[in-house]
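> Can you keep this structure in mind? I'll have questions shortly.
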Number of protein chains: 2
Amino acid sequence: MKINNIDYRTIWPDPANRQIIKIIDQRHLPHRLVIEDLRTVDDFARAIGEMHVRGAGLIGATAGFAMYSAILGADPDNVDKVLREAAEKLIATRPTATNLAWAVNRQLGAVEKGSDLAAQTGIIFENAMRIADEDAEFCRRLGEHGLEIIRDISRKKPGEPVNILTHCNAGWLAFVDYGSATAPIYAAHREGIKVHVWVDETRPWLQGAKLTAWELNEEGVPHTLIADNTGGHLMQHRMVDLVIVGTDRTTYTGDVANKIGTYLKALAAKDNQIPFYVALPSSTFDWQIRDGVREIPIEERSGEEIKRVTGLSESGRIETVAIAPATTETANYAFDVTPARLITGLITERGVCGASEEEILALYPEKRREGR
Amino acid sequence: MKINNIDYRTIWPDPANRQIIKIIDQRHLPHRLVIEDLRTVDDFARAIGEMHVRGAGLIGATAGFAMYSAILGADPDNVDKVLREAAEKLIATRPTATNLAWAVNRQLGAVEKGSDLAAQTGIIFENAMRIADEDAEFCRRLGEHGLEIIRDISRKKPGEPVNILTHCNAGWLAFVDYGSATAPIYAAHREGIKVHVWVDETRPWLQGAKLTAWELNEEGVPHTLIADNTGGHLMQHRMVDLVIVGTDRTTYTGDVANKIGTYLKALAAKDNQIPFYVALPSSTFDWQIRDGVREIPIEERSGEEIKRVTGLSESGRIETVAIAPATTETANYAFDVTPARLITGLITERGVCGASEEEILALYPEKRREGR
């Protein structure tokens, strides 16, 4: 997608030296565009854990390249051990994200088929590229499916914009390209369908204010930034036609882990009969877990994210300010789980389905297991 | 209540010169305790409109003293006009707050009974003091009634703290003393009942982070600051026993206008069968409006409150930082309305009742009108 009218992805190998992987260090947006070079597994683990990169698909793609960086430095006699240690380190960085383990395991599976170190390294690199390309392609496709939902609403209010509320950043910055929740919005905007996006600022990390508002701005999509508290009021007053969010992990039964606060918006959508959709490439499904509320591990992050806010000072410096008493205790749960009963549908690269085991497995029949 | 172990109220006449009214300028908390002198109606209107003071009861008490400041400067031939102009200016500062018009009208009603200017001025001052004292006394009493709810929950989990979630600041800083939502909490804490408060930070103005956390800290009440997005997750996981919030206007049918985001917490409480109470002195009832969602005017404030955050920089200065792209549009609705159907009960100075016309009028029978 566009930054200053130039096409970017969120992660790519340096064309001059593919051993260097380039990312947008998203901590500096919207104030500065900083491109960071990653070389070692520790660089990658830090980039994921400290949220230089974040978002379901991008965490997966970054983990794919991280495994490539691991094999680059490996002793030929020790490849397996090096890769398993890298895998462990990477998976520990963000406990809720499914795509992380999914990409790491896909790399572990690929390398076992290789032979000598050079061949294995080549396989791992190609596989990392494939994970990234697939992520972009799946997001593009789910955008096409989600576009139909927006088009249907638009037909019912000709000349008026379709008002879509989104929470957090499930934009192209959260994936390799296009995004999940934003992919249908970008597809609609490109077709000339009038859309307007309510952007939840998404405390504590402010992904909405810092990333979603910024990327919609760069793409020229009309939008309004709101405090996370506002969505219920807007829905009560029919100012929202549709909610689309992303997800960090969705069970095969349709329970959706996403950024903390998603559950509250789903409740408000239900209370006001507003359709609530979740967009995801299939890499975000967890095919093991049945009960999302009980079983999905919820990451807890540092309370400093609650007590301090970073932004651009009036003198043009990036500054961090404290907004609470220094001694106050905090709790910082990064995700919550929205039960399937509150979800109108899932938008995937294969099409739209209901948030139920039956409908999800009808779309992904290869995931059926005996006894399920 | 206590600041540094010294008893304060939020507003009081200067003991050396009662023509000067002193307030805590709450914009500087928790970082600095700033006491401000108010002398003219414009001082008062600015203090209310720019939120040096805020909160249902305190806005009312401040408006009472503002009318006193108006009469102080009045020409004896022009008292009525001066007071009516002051009333209009004051009521326009915060459209959602009922206590504002209630206090102003109470002063207009009082002055008509006066005779010469000196006598009228005396009446208005005494009436302002009475409004403030009544607010404190009503909060103290509702605290006693709310205490019983906390005591009942505490009995069912001996040795464990009662976990109470609150939104915004309905603490003593929002009233003259004690607070509304906090009054039962302070009463329970004083009796030795173990309580723990989940404090919503309350974007955009951060009344929870800046005021509620600070006042609970000064009183020694255990508490944890959370992002507004967190309450649903906590309720799903039985980490909340009770929600108590305040209100800026409650209809006689039980619909509750309160800080934006309250409705979302009420939905989550309902979804998880957690009791949701609203605490209010009767000055916050609106005896005219039947349908809160349709009829209560919702204040819209500047988008700068969304795009900029003020806090204490690492170098010890109060700084404001931008957290969103400069060109992004914002919407800043200050309140939402929680329908009566989501509310377990109202805690008033006369006792606890259900959020329904029947139960409210049973507690306030003098408000019954023919044909209602």
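For the structure tokens, the naming scheme is as follows: chains receive sequential letters (A, B, ...) according to their order of presentation, residues are indexed from 1 within each chain, and ligands are indexed from 1 in presentation order.
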What does the C-alpha RMSD come to when chain A is least-squares superposed onto chain B, all C-alpha atoms paired in sequence order?
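Here the C-alpha RMSD works out to 0.0 Å.
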> Please determine the contact residues of chain A with respect to chain B at a cut-off of 8 Å, counting only C-alpha atoms, and supply them as a VMD selection string.
chain A and resid 30 to 31 202 to 204 206 209 to 210 213 to 214 217 223 to 233 236 260 to 265 267 to 268 293 306 to 307 309 to 314 319 to 325 328 to 333 336 to 337
> As JSON, numbers by chain, please: all residues of segment 32-183 of chain B that backbone DSSP puts in strand (DSSP E or B).
{"B": [35, 36, 37, 38, 162, 163, 164, 165, 166]}
> Hey, what's within 6 Å of segment 96-110 of chain B if we count only C-alpha atoms and toss same-chain stuff fewer than 3 positions away? As a list in words, please?
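Listing them by chain and then by number gives Ala56, Ile59, Gly60, Gly64, Ala87, Ile91, Lys113, Asp248, Arg249, Ser283, Thr284, Pro297, Ile298 and Glu299 of chain B.
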> Would you kindly return, as a PyMOL selection string, each protein, DNA or RNA residue with an atom no farther than 9 Å from any atom of Phe138 of chain B, considering only C-alpha atoms and excluding same-chain residues fewer than 6 positions away?
chain B and resi 180+280-282+348-350
> May I have the residues within 6 Å of Ile23 of chain B as a count of residues only, using only C-alpha atoms and disregarding those fewer than 4 positions away in the same chain?
4
> Could you pull the residues within 7 Å of Ala187 of chain B, counting only C-alpha atoms, minus those fewer than 3 positions along the same chain, as a PyMOL selection string?
chain B and resi 143-144+147+183-184+190-191
> Atom CA of Val256 of chain A and atom CA of Ile164 of chain A, how far apart in Å?
18.9 Å
> Using Å and a single decimal, report how far atom CA of Lys2 of chain B sits from atom CA of Glu219 of chain B.
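About the pair atom CA of Glu219 of chain B and atom CA of Lys2 of chain B: they are 6.3 Å apart.
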> Which one is closest to His145 of chain A: A:Phe175, A:Tyr364, A:Tyr277, A:Trp287? Count only C-alpha atoms.
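Counting only C-alpha atoms, the residue closest to His145 of chain A is A:Tyr277.
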> Could you check the closest approach to Asp200 of chain A for each of A:Ala61, A:Ala45, A:Cys168, A:Leu90 and tell me which residue wins, using only C-alpha atoms?
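The closest residue to Asp200 of chain A is A:Cys168.
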> Calculate how many Å separate atom CA of Pro158 of chain A from atom CA of Val195 of chain A, rounding to one decimal.
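Going from atom CA of Pro158 of chain A over to atom CA of Val195 of chain A covers 11.6 Å.
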